[in-house]
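Shown below: input39.pdb, with PDB, C-alpha atoms.
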ATOM      1  CA  MET A   3      13.221-183.097  66.645
ATOM      2  CA  THR A   4       9.729-184.191  65.655
ATOM      3  CA  LYS A   5       9.190-183.858  61.922
ATOM      4  CA  PRO A   6       6.127-181.866  60.798
ATOM      5  CA  PRO A   7       3.338-183.874  59.122
ATOM      6  CA  LEU A   8       2.951-183.835  55.353
ATOM      7  CA  GLU A   9       0.205-185.461  53.312
ATOM      8  CA  ILE A  10       1.219-186.248  49.735
ATOM      9  CA  LEU A  11      -1.554-186.638  47.159
ATOM     10  CA  LEU A  12      -0.215-188.704  44.257
ATOM     11  CA  CYS A  13      -1.951-188.101  40.942
ATOM     12  CA  ALA A  14      -2.949-191.169  38.970
ATOM     13  CA  PRO A  15      -2.409-191.654  36.105
ATOM     14  CA  ARG A  16       1.123-190.238  36.081
ATOM     15  CA  GLY A  17       4.467-191.091  34.515
ATOM     16  CA  PHE A  18       5.176-193.354  31.578
ATOM     17  CA  CYS A  19       2.604-193.637  28.805
ATOM     18  CA  ALA A  20       2.333-196.515  26.337
ATOM     19  CA  GLY A  21       4.295-194.647  23.651
ATOM     20  CA  VAL A  22       7.205-193.949  26.001
ATOM     21  CA  VAL A  23       7.263-197.555  27.250
ATOM     22  CA  ARG A  24       7.337-198.751  23.622
ATOM     23  CA  ALA A  25      10.209-196.409  22.693
ATOM     24  CA  ILE A  26      12.379-197.350  25.692
ATOM     25  CA  ASP A  27      11.633-201.039  25.154
ATOM     26  CA  ALA A  28      12.665-200.629  21.508
ATOM     27  CA  VAL A  29      16.148-199.443  22.523
ATOM     28  CA  GLU A  30      16.539-202.152  25.159
ATOM     29  CA  GLN A  31      15.337-204.887  22.788
ATOM     30  CA  ALA A  32      17.679-203.687  20.042
ATOM     31  CA  LEU A  33      20.569-203.812  22.511
ATOM     32  CA  ALA A  34      19.535-207.300  23.651
ATOM     33  CA  GLN A  35      19.113-208.623  20.101
ATOM     34  CA  ARG A  36      21.964-206.851  18.290
ATOM     35  CA  GLY A  37      24.354-205.820  21.058
ATOM     36  CA  ALA A  38      25.993-202.433  21.532
ATOM     37  CA  PRO A  39      26.206-199.970  20.021
ATOM     38  CA  VAL A  40      22.655-199.000  19.109
ATOM     39  CA  TYR A  41      22.333-195.466  17.750
ATOM     40  CA  VAL A  42      19.372-193.274  18.666
ATOM     41  CA  ARG A  43      18.538-190.087  16.784
ATOM     42  CA  HIS A  44      17.810-187.411  19.402
ATOM     43  CA  GLU A  45      16.687-188.277  22.941
ATOM     44  CA  ILE A  46      14.447-191.348  22.769
ATOM     45  CA  VAL A  47      12.165-189.551  25.249
ATOM     46  CA  HIS A  48      12.613-186.220  27.033
ATOM     47  CA  ASN A  49      14.074-187.413  30.313
ATOM     48  CA  LYS A  50      17.742-187.161  31.265
ATOM     49  CA  TYR A  51      17.588-190.086  33.711
ATOM     50  CA  VAL A  52      16.157-192.402  31.039
ATOM     51  CA  VAL A  53      18.662-191.259  28.421
ATOM     52  CA  GLU A  54      21.639-191.715  30.762
ATOM     53  CA  SER A  55      20.397-195.175  31.800
ATOM     54  CA  LEU A  56      20.225-196.279  28.159
ATOM     55  CA  ARG A  57      23.596-194.707  27.403
ATOM     56  CA  LYS A  58      25.173-196.843  30.128
ATOM     57  CA  LYS A  59      23.708-199.941  28.444
ATOM     58  CA  GLY A  60      25.300-199.088  25.093
ATOM     59  CA  ALA A  61      22.966-196.640  23.360
ATOM     60  CA  ILE A  62      24.665-193.770  21.520
ATOM     61  CA  PHE A  63      22.558-190.646  21.062
ATOM     62  CA  VAL A  64      23.170-188.462  18.008
ATOM     63  CA  ARG A  65      21.558-185.330  16.650
ATOM     64  CA  GLU A  66      21.669-186.332  12.970
ATOM     65  CA  LEU A  67      22.331-189.478  10.944
ATOM     66  CA  ASP A  68      25.572-188.103   9.501
ATOM     67  CA  GLU A  69      27.143-188.639  12.947
ATOM     68  CA  ILE A  70      26.654-192.412  12.582
ATOM     69  CA  PRO A  71      29.465-194.352  10.900
ATOM     70  CA  ASP A  72      28.706-196.822   8.116
ATOM     71  CA  GLY A  73      27.969-200.306   9.385
ATOM     72  CA  ASP A  74      25.109-202.555  10.436
ATOM     73  CA  ALA A  75      24.424-201.058  13.890
ATOM     74  CA  PRO A  76      20.706-200.209  14.292
ATOM     75  CA  VAL A  77      19.504-196.609  14.399
ATOM     76  CA  ILE A  78      16.297-195.844  16.263
ATOM     77  CA  PHE A  79      14.060-192.832  15.650
ATOM     78  CA  SER A  80      12.688-191.272  18.848
ATOM     79  CA  ALA A  81       9.115-191.378  20.139
ATOM     80  CA  HIS A  82       8.547-187.798  18.944
ATOM     81  CA  GLY A  83       8.718-188.709  15.266
ATOM     82  CA  VAL A  84      10.971-187.455  12.460
ATOM     83  CA  PRO A  85      10.599-185.586   9.162
ATOM     84  CA  LYS A  86      10.278-187.722   6.022
ATOM     85  CA  SER A  87      13.811-186.801   5.031
ATOM     86  CA  VAL A  88      15.283-188.815   7.931
ATOM     87  CA  PRO A  89      14.015-192.313   6.993
ATOM     88  CA  ASP A  90      14.734-191.440   3.361
ATOM     89  CA  GLU A  91      18.384-190.769   4.259
ATOM     90  CA  ALA A  92      18.557-193.949   6.336
ATOM     91  CA  LEU A  93      17.236-195.932   3.378
ATOM     92  CA  ARG A  94      19.749-194.313   1.030
ATOM     93  CA  ARG A  95      22.585-195.258   3.391
ATOM     94  CA  ARG A  96      21.142-198.772   3.840
ATOM     95  CA  MET A  97      20.922-198.326   7.589
ATOM     96  CA  HIS A  98      19.051-200.761   9.814
ATOM     97  CA  ALA A  99      16.435-198.198  10.881
ATOM     98  CA  ILE A 100      13.855-198.831  13.602
ATOM     99  CA  ASP A 101      11.012-196.330  13.926
ATOM    100  CA  ALA A 102       9.966-195.895  17.573
ATOM    101  CA  THR A 103       7.641-192.975  16.801
ATOM    102  CA  CYS A 104       4.625-193.081  19.113
ATOM    103  CA  PRO A 105       1.652-194.488  17.151
ATOM    104  CA  LEU A 106      -0.417-191.485  18.221
ATOM    105  CA  VAL A 107       2.144-189.150  16.633
ATOM    106  CA  THR A 108       2.140-191.323  13.501
ATOM    107  CA  LYS A 109      -1.657-190.864  13.436
ATOM    108  CA  VAL A 110      -1.145-187.080  13.241
ATOM    109  CA  HIS A 111       1.402-187.517  10.436
ATOM    110  CA  ARG A 112      -1.082-189.583   8.430
ATOM    111  CA  GLU A 113      -3.898-187.101   9.009
ATOM    112  CA  ALA A 114      -1.715-184.268   7.709
ATOM    113  CA  GLN A 115      -0.744-186.295   4.643
ATOM    114  CA  VAL A 116      -4.371-187.169   3.829
ATOM    115  CA  HIS A 117      -5.449-183.524   4.089
ATOM    116  CA  ALA A 118      -2.591-182.436   1.825
ATOM    117  CA  LYS A 119      -3.524-185.058  -0.787
ATOM    118  CA  LYS A 120      -7.060-183.649  -0.762
ATOM    119  CA  GLY A 121      -5.687-180.205  -1.559
ATOM    120  CA  ARG A 122      -6.090-178.678   1.886
ATOM    121  CA  HIS A 123      -3.548-176.390   3.488
ATOM    122  CA  VAL A 124      -2.707-177.861   6.892
ATOM    123  CA  LEU A 125      -2.461-175.827  10.093
ATOM    124  CA  LEU A 126      -0.454-177.468  12.878
ATOM    125  CA  VAL A 127      -1.274-176.263  16.385
ATOM    126  CA  GLY A 128       1.938-176.687  18.361
ATOM    127  CA  HIS A 129       5.154-175.201  19.719
ATOM    128  CA  ALA A 130       7.960-174.171  17.365
ATOM    129  CA  GLY A 131      11.133-176.215  17.655
ATOM    130  CA  HIS A 132       9.629-179.154  19.534
ATOM    131  CA  PRO A 133      10.828-182.415  17.905
ATOM    132  CA  GLU A 134       7.258-183.595  17.369
ATOM    133  CA  VAL A 135       6.388-180.379  15.547
ATOM    134  CA  VAL A 136       9.563-180.578  13.437
ATOM    135  CA  GLY A 137       8.638-184.162  12.522
ATOM    136  CA  THR A 138       5.049-183.334  11.609
ATOM    137  CA  MET A 139       5.994-180.241   9.585
ATOM    138  CA  GLY A 140       8.504-182.434   7.769
ATOM    139  CA  GLN A 141       5.812-184.765   6.472
ATOM    140  CA  LEU A 142       4.618-182.203   3.918
ATOM    141  CA  PRO A 143       6.268-180.003   1.287
ATOM    142  CA  ALA A 144       7.216-176.480   2.346
ATOM    143  CA  GLY A 145       4.352-174.044   1.881
ATOM    144  CA  THR A 146       1.611-176.618   2.445
ATOM    145  CA  ILE A 147       1.661-176.594   6.267
ATOM    146  CA  THR A 148       1.690-173.650   8.699
ATOM    147  CA  LEU A 149       2.478-173.659  12.421
ATOM    148  CA  ILE A 150      -0.081-172.002  14.715
ATOM    149  CA  GLU A 151       1.205-171.310  18.228
ATOM    150  CA  SER A 152      -1.269-168.757  19.577
ATOM    151  CA  LEU A 153      -4.562-166.923  19.143
ATOM    152  CA  GLU A 154      -2.510-164.110  17.559
ATOM    153  CA  ASP A 155      -1.294-166.564  14.908
ATOM    154  CA  VAL A 156      -4.909-167.501  14.157
ATOM    155  CA  ALA A 157      -5.813-163.837  13.661
ATOM    156  CA  ALA A 158      -2.782-163.167  11.461
ATOM    157  CA  PHE A 159      -3.079-166.214   9.193
ATOM    158  CA  ALA A 160      -4.170-165.285   5.650
ATOM    159  CA  PRO A 161      -4.944-168.403   3.574
ATOM    160  CA  ALA A 162      -5.058-168.491  -0.199
ATOM    161  CA  ASP A 163      -8.349-170.417   0.046
ATOM    162  CA  ALA A 164     -10.279-170.325   3.322
ATOM    163  CA  THR A 165     -12.497-173.191   2.119
ATOM    164  CA  ALA A 166      -9.552-175.611   1.768
ATOM    165  CA  LEU A 167      -8.064-175.765   5.265
ATOM    166  CA  ALA A 168      -7.488-178.496   7.836
ATOM    167  CA  PHE A 169      -5.837-178.610  11.254
ATOM    168  CA  VAL A 170      -3.933-181.131  13.332
ATOM    169  CA  THR A 171      -2.330-180.652  16.757
ATOM    170  CA  GLN A 172       0.781-181.600  18.663
ATOM    171  CA  THR A 173      -0.105-184.496  20.988
ATOM    172  CA  THR A 174       1.415-183.085  24.201
ATOM    173  CA  LEU A 175      -0.303-179.695  24.439
ATOM    174  CA  SER A 176      -2.504-178.277  27.174
ATOM    175  CA  VAL A 177      -6.062-179.435  26.525
ATOM    176  CA  ASP A 178      -7.465-176.026  27.515
ATOM    177  CA  ASP A 179      -4.997-173.971  25.427
ATOM    178  CA  THR A 180      -5.618-176.133  22.388
ATOM    179  CA  ARG A 181      -9.386-175.874  22.794
ATOM    180  CA  GLU A 182      -9.146-172.061  22.704
ATOM    181  CA  ILE A 183      -7.039-172.075  19.545
ATOM    182  CA  VAL A 184      -9.200-174.665  17.788
ATOM    183  CA  GLU A 185     -12.372-172.710  18.655
ATOM    184  CA  ALA A 186     -10.754-169.574  17.224
ATOM    185  CA  LEU A 187      -9.796-171.434  14.027
ATOM    186  CA  LYS A 188     -13.341-172.750  13.602
ATOM    187  CA  ALA A 189     -14.836-169.324  14.253
ATOM    188  CA  ARG A 190     -12.586-167.622  11.692
ATOM    189  CA  PHE A 191     -12.624-170.453   9.123
ATOM    190  CA  PRO A 192     -15.980-172.276   9.399
ATOM    191  CA  ALA A 193     -15.060-174.707   6.607
ATOM    192  CA  ILE A 194     -11.855-175.924   8.317
ATOM    193  CA  VAL A 195     -11.611-179.705   8.707
ATOM    194  CA  GLY A 196     -10.376-181.242  11.970
ATOM    195  CA  PRO A 197      -9.405-184.701  13.167
ATOM    196  CA  HIS A 198     -12.100-187.361  13.555
ATOM    197  CA  LYS A 199     -10.725-187.859  17.061
ATOM    198  CA  GLU A 200      -8.693-185.143  18.802
ATOM    199  CA  ASP A 201      -4.929-185.390  18.415
ATOM    200  CA  ILE A 202      -3.966-184.657  22.032
ATOM    201  CA  CYS A 203      -3.071-188.104  23.307
ATOM    202  CA  TYR A 204      -5.000-189.989  25.980
ATOM    203  CA  ALA A 205      -2.039-189.839  28.381
ATOM    204  CA  THR A 206      -1.678-186.055  28.133
ATOM    205  CA  THR A 207      -5.410-185.597  28.737
ATOM    206  CA  ASN A 208      -5.563-188.064  31.626
ATOM    207  CA  ARG A 209      -2.549-186.593  33.441
ATOM    208  CA  GLN A 210      -3.911-183.075  33.101
ATOM    209  CA  GLU A 211      -7.315-184.111  34.445
ATOM    210  CA  ALA A 212      -5.702-185.738  37.497
ATOM    211  CA  VAL A 213      -3.733-182.552  38.193
ATOM    212  CA  LYS A 214      -6.904-180.444  37.885
ATOM    213  CA  LYS A 215      -8.487-182.572  40.613
ATOM    214  CA  VAL A 216      -5.520-182.503  43.010
ATOM    215  CA  ALA A 217      -4.125-178.973  42.510
ATOM    216  CA  PRO A 218      -6.942-177.078  44.317
ATOM    217  CA  GLN A 219      -6.559-179.354  47.364
ATOM    218  CA  VAL A 220      -2.826-178.826  48.039
ATOM    219  CA  ASP A 221      -0.416-176.115  49.177
ATOM    220  CA  ALA A 222       2.140-177.005  46.499
ATOM    221  CA  LEU A 223       2.548-179.443  43.618
ATOM    222  CA  ILE A 224       5.616-181.021  42.035
ATOM    223  CA  VAL A 225       5.691-182.293  38.473
ATOM    224  CA  VAL A 226       8.447-184.860  38.117
ATOM    225  CA  GLY A 227       9.881-184.280  34.666
ATOM    226  CA  SER A 228      12.527-182.590  32.540
ATOM    227  CA  PRO A 229      12.384-178.917  31.477
ATOM    228  CA  ASN A 230      12.439-179.927  27.789
ATOM    229  CA  SER A 231       9.413-182.198  28.230
ATOM    230  CA  SER A 232       6.384-180.449  26.716
ATOM    231  CA  ASN A 233       3.795-182.549  28.534
ATOM    232  CA  SER A 234       5.566-182.003  31.882
ATOM    233  CA  GLN A 235       5.619-178.231  31.396
ATOM    234  CA  ARG A 236       1.928-178.284  30.507
ATOM    235  CA  LEU A 237       1.159-180.183  33.744
ATOM    236  CA  ARG A 238       2.867-177.436  35.737
ATOM    237  CA  GLU A 239       0.828-174.786  33.919
ATOM    238  CA  VAL A 240      -2.400-176.735  34.481
ATOM    239  CA  ALA A 241      -1.670-176.900  38.224
ATOM    240  CA  GLU A 242      -1.133-173.136  38.378
ATOM    241  CA  ARG A 243      -4.359-172.447  36.522
ATOM    242  CA  ALA A 244      -6.233-174.816  38.829
ATOM    243  CA  GLY A 245      -5.267-172.658  41.796
ATOM    244  CA  CYS A 246      -2.077-174.217  43.144
ATOM    245  CA  ARG A 247       0.092-171.451  44.639
ATOM    246  CA  VAL A 248       3.428-173.262  44.196
ATOM    247  CA  ALA A 249       3.737-175.541  41.142
ATOM    248  CA  ARG A 250       7.256-176.600  40.267
ATOM    249  CA  LEU A 251       9.029-178.909  37.821
ATOM    250  CA  ALA A 252      11.768-181.167  39.222
ATOM    251  CA  ASN A 253      13.608-183.986  37.501
ATOM    252  CA  ARG A 254      15.493-185.102  40.626
ATOM    253  CA  ALA A 255      15.267-184.475  44.388
ATOM    254  CA  GLU A 256      18.480-182.437  44.253
ATOM    255  CA  GLU A 257      16.706-179.781  42.149
ATOM    256  CA  ILE A 258      14.107-178.943  44.831
ATOM    257  CA  ASP A 259      14.303-175.507  46.441
ATOM    258  CA  TRP A 260      13.252-176.499  49.960
ATOM    259  CA  GLU A 261      12.514-172.926  51.032
ATOM    260  CA  GLU A 262       9.603-172.856  48.585
ATOM    261  CA  PHE A 263       8.038-175.824  50.373
ATOM    262  CA  ALA A 264       8.535-174.610  53.949
ATOM    263  CA  GLY A 265       5.393-174.835  56.068
ATOM    264  CA  ILE A 266       3.298-176.845  53.625
ATOM    265  CA  ARG A 267       0.891-179.471  54.951
ATOM    266  CA  ARG A 268      -0.374-180.971  51.680
ATOM    267  CA  LEU A 269       1.737-181.679  48.594
ATOM    268  CA  GLY A 270       0.504-182.827  45.199
ATOM    269  CA  MET A 271       2.761-184.922  42.964
ATOM    270  CA  THR A 272       2.543-186.100  39.403
ATOM    271  CA  ALA A 273       5.010-187.089  36.691
ATOM    272  CA  GLY A 274       5.259-186.317  33.009
ATOM    273  CA  ALA A 275       4.762-189.086  30.476
ATOM    274  CA  SER A 276       8.517-189.565  30.046
ATOM    275  CA  ALA A 277       9.409-189.609  33.773
ATOM    276  CA  PRO A 278      10.015-193.012  35.423
ATOM    277  CA  GLU A 279       8.356-193.899  38.723
ATOM    278  CA  VAL A 280      11.762-194.325  40.393
ATOM    279  CA  LEU A 281      12.165-190.531  40.288
ATOM    280  CA  VAL A 282       8.765-190.045  41.939
ATOM    281  CA  GLU A 283       9.889-192.388  44.713
ATOM    282  CA  GLU A 284      13.196-190.532  45.045
ATOM    283  CA  ILE A 285      11.416-187.225  45.626
ATOM    284  CA  ILE A 286       8.942-188.754  48.087
ATOM    285  CA  ASP A 287      11.918-190.155  50.018
ATOM    286  CA  ALA A 288      13.519-186.695  50.066
ATOM    287  CA  PHE A 289      10.370-185.209  51.603
ATOM    288  CA  ALA A 290      10.208-188.107  54.083
ATOM    289  CA  GLU A 291      13.606-187.069  55.404
ATOM    290  CA  ARG A 292      12.131-183.688  56.362
ATOM    291  CA  TYR A 293       8.473-184.499  57.084
ATOM    292  CA  GLU A 294       6.355-187.245  58.609
ATOM    293  CA  VAL A 295       4.882-188.318  55.304
ATOM    294  CA  THR A 296       1.607-190.064  54.490
ATOM    295  CA  VAL A 297       0.777-190.860  50.869
ATOM    296  CA  GLU A 298      -2.646-191.064  49.249
ATOM    297  CA  THR A 299      -3.246-191.837  45.570
ATOM    298  CA  VAL A 300      -5.954-189.851  43.793
ATOM    299  CA  THR A 301      -7.087-191.785  40.715
ATOM    300  CA  THR A 302      -9.209-190.209  37.987
ATOM    301  CA  VAL A 303      -9.017-192.984  35.376
ATOM    302  CA  THR A 304      -7.290-196.340  34.887
ATOM    303  CA  GLU A 305      -5.117-196.715  31.790
ATOM    304  CA  ASP A 306      -4.665-200.017  29.968
ATOM    305  CA  VAL A 307      -3.243-198.869  26.617
ATOM    306  CA  PHE A 308      -0.462-200.995  25.105
ATOM    307  CA  PHE A 309       1.525-200.525  21.891
ATOM    308  CA  PRO A 310       3.541-203.428  20.425
ATOM    309  CA  LEU A 311       7.228-203.021  19.636
ATOM    310  CA  PRO A 312       8.212-201.666  16.207
ATOM    311  CA  ARG A 313       8.459-204.264  13.463
ATOM    312  CA  GLY A 314      11.900-205.794  13.312
ATOM    313  CA  LEU A 315      12.065-206.129  17.076
ATOM    314  CA  ARG A 316       9.023-208.307  17.665
ATOM    315  CA  GLY A 317       9.449-212.043  18.219
ATOM    316  CA  GLU A 318       7.803-214.570  15.949
ATOM    317  CA  ALA A 319       4.972-215.112  18.438
ATOM    318  CA  ALA A 320       4.181-211.383  18.506
ATOM    319  CA  GLU A 321       4.146-211.226  14.725
TER     320      GLU A 321
END
Is it possible to give me this structure as structure tokens?
Amino acid sequence: MTKPPLEILLCAPRGFCAGVVRAIDAVEQALAQRGAPVYVRHEIVHNKYVVESLRKKGAIFVRELDEIPDGDAPVIFSAHGVPKSVPDEALRRRMHAIDATCPLVTKVHREAQVHAKKGRHVLLVGHAGHPEVVGTMGQLPAGTITLIESLEDVAAFAPADATALAFVTQTTLSVDDTREIVEALKARFPAIVGPHKEDICYATTNRQEAVKKVAPQVDALIVVGSPNSSNSQRLREVAERAGCRVARLANRAEEIDWEEFAGIRRLGMTAGASAPEVLVEEIIDAFAERYEVTVETVTTVTEDVFFPLPRGLRGEAAE
């Protein structure tokens, strides 16, 4: 039978960002330099395929440091960042700790710390329970930072001193959602101090802008990414808001519900910042088995950001 035609519009940029590349490289370099095992606290990035690939190479993923036996095996902190208590414990146990926190997350940590030192109560715009939020909240003493998840939280917040407030944001949020919350904070607390440069990272912004351009042009859109990836979930939401009737998250081709894509003629595709390109190719191949596929890349901006490896893993030339 003749396969029906399908045009795939590939969003660019998509997939790995500089912080994710740095974190994965950190694990692979530690394995190359020190040998297995290398311990990693939490998932290095939110992608099952990446985690399983590193596990096969000798990485051991743990939830907390107390799961790691005494010894000289390295322990790597994930790209999402950790509370202050984690490196403090690693230092107490004389562990060989390597911090693979994304530099843009570290920037948010430092902003929060500076505001606190200046006597400001810090409001963190983010999602409860996300590792990045846990890490940022853990930079400051309890009672000096408050999580804001919604416009309702803005309305309910009652500060001790409305003239001594500051806000920071999780880096992987929806640009539009965050703008609404920040505008509400500024309207309610005119003296609130914000970042010099917005905290939502360049990669999150760029991937959302590409989806906004493609989503209105297609019958359906797939975000390649894991359900626990915040930036991937936000891409799906952005596609829906931009008018795409069917916007779905899929980590692998086997997760696709083909009935939802029956009769489509144009498909948009993007990938979250922690999803490797090999998974994009896998899903394109799966569609090519059912459709006569043509692929066009829609580019909104070219990225050239690079972050060096964490100290302790860099060669002498890099240092």
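Matched in the shown structure by the PyMOL selection byres ((chain A and resi 22) around 10): A:Gly17, A:Phe18, A:Cys19, A:Ala20, A:Gly21, A:Val23, A:Arg24, A:Ala25, A:Ile26, A:Asp27, A:Ala28, A:Ile46, A:Val47, A:His48, A:Ser80, A:Ala81, A:His82, A:Ala102, A:Thr103, A:Cys104, A:Ala275, A:Ser276, A:Ala277, A:Pro278, A:Phe309.
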Would you list the contacts of Thr272 (chain A) as a list in words, taking every protein, DNA or RNA residue within 6 Å and counting all atoms listed in the file, but skipping same-chain residues closer than 2 positions in sequence?
Cys13, Arg16 and Val225 of chain A
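Separating CA of Val216 (chain A) from CA of Phe289 (chain A) is a distance of 18.3 Å.
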Do you know which residues are at most 10 Å from Glu69 (chain A) counting only C-alpha atoms, after dropping those on the same chain fewer than 5 positions away, and could you put them as a short mmCIF file (atom, residue, chain, number, x, y, z; two decimals) with C-alpha atoms, keeping the file's coordinate frame?
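Contents of the output file result18.cif:
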data_model
loop_
_atom_site.label_atom_id
_atom_site.label_comp_id
_atom_site.auth_asym_id
_atom_site.auth_seq_id
_atom_site.Cartn_x
_atom_site.Cartn_y
_atom_site.Cartn_z
CA TYR A 41 22.33 -195.47 17.75
CA ARG A 43 18.54 -190.09 16.78
CA PHE A 63 22.56 -190.65 21.06
CA VAL A 64 23.17 -188.46 18.01
#
Given the file shown, enumerate the residues that the PyMOL selection byres ((chain A and resi 249) around 7) captures and present them as a ChimeraX atom specification.
/A:222-224,238,241-242,246-248,250
Atoms to include: C-alpha atoms. Write the selected residues as a PDB file, keeping the file's coordinate frame.
ATOM      1  CA  ALA A 222       2.140-177.005  46.499  1.00  0.00           C
ATOM      2  CA  LEU A 223       2.548-179.443  43.618  1.00  0.00           C
ATOM      3  CA  ILE A 224       5.616-181.021  42.035  1.00  0.00           C
ATOM      4  CA  ARG A 238       2.867-177.436  35.737  1.00  0.00           C
ATOM      5  CA  ALA A 241      -1.670-176.900  38.224  1.00  0.00           C
ATOM      6  CA  GLU A 242      -1.133-173.136  38.378  1.00  0.00           C
ATOM      7  CA  CYS A 246      -2.077-174.217  43.144  1.00  0.00           C
ATOM      8  CA  ARG A 247       0.092-171.451  44.639  1.00  0.00           C
ATOM      9  CA  VAL A 248       3.428-173.262  44.196  1.00  0.00           C
ATOM     10  CA  ARG A 250       7.256-176.600  40.267  1.00  0.00           C
TER      11      ARG A 250
END
Rank nothing, just name the residue among A:Lys214, A:Arg209, A:Lys188, A:Lys5 nearest to Glu305 (chain A), using only C-alpha atoms.
A:Arg209
Let me have the centre and edge lengths of the axis-aligned box enclosing all listed atoms of region 236-254 of chain A with 4 Å padding on every side, in Å to one decimal, as lines of an AutoDock Vina configuration file.
center_x = 4.6
center_y = -178.3
center_z = 37.6
size_x = 29.7
size_y = 21.7
size_z = 22.1
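CA of Val195 (chain A) is found 29.3 Å from CA of Asp90 (chain A).
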Give me the residues of region 71-172 of chain A that have any atom at most 8 Å from an atom of region 178-184 of chain A; for each, the nearest atom pair and the distance in Å, rounded to one decimal. Use all atoms listed in the file, sort by chain and number, and format it as CSV.
residue,atom,partner,partner_atom,distance
A:Val127,CA,A:Thr180,CA,7.4
A:Ser152,CA,A:Ile183,CA,6.7
A:Leu153,CA,A:Ile183,CA,5.7
A:Val156,CA,A:Ile183,CA,7.4
A:Thr171,CA,A:Thr180,CA,7.9
Within 12 Å of Ala288 (chain A), counting all atoms listed in the file, which residues qualify if same-chain residues fewer than 2 places away don't, as a PyMOL selection string?
chain A and resi 254-260+281-286+290-295
Applied to this file, what does the PyMOL selection byres ((chain A and resi 297) around 6) return in terms of residues, put as a PyMOL selection string?
chain A and resi 9-10+296+298
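Candidate residues A:Gly314, A:Leu187, A:Leu175, A:Glu211 were compared for distance to Pro76 (chain A), and the nearest is A:Gly314, using all atoms listed in the file.
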Could you pull the residues within 10 Å of Asn230 (chain A), counting only C-alpha atoms, minus those fewer than 3 positions along the same chain, as a ChimeraX atom specification?
/A:47-50,132,227,233-235
Could the residues of region 21-40 of chain A that have an atom at most 10 Å from region 53-56 of chain A be listed as JSON lines, each with its closest atom pair and the distance in Å to one decimal, counting only C-alpha atoms and ordered by chain and ascending residue number?
{"residue": "A:Ile26", "atom": "CA", "partner": "A:Leu56", "partner_atom": "CA", "distance": 8.3}
{"residue": "A:Val29", "atom": "CA", "partner": "A:Leu56", "partner_atom": "CA", "distance": 7.6}
{"residue": "A:Glu30", "atom": "CA", "partner": "A:Leu56", "partner_atom": "CA", "distance": 7.6}
{"residue": "A:Leu33", "atom": "CA", "partner": "A:Leu56", "partner_atom": "CA", "distance": 9.4}
{"residue": "A:Val40", "atom": "CA", "partner": "A:Leu56", "partner_atom": "CA", "distance": 9.8}
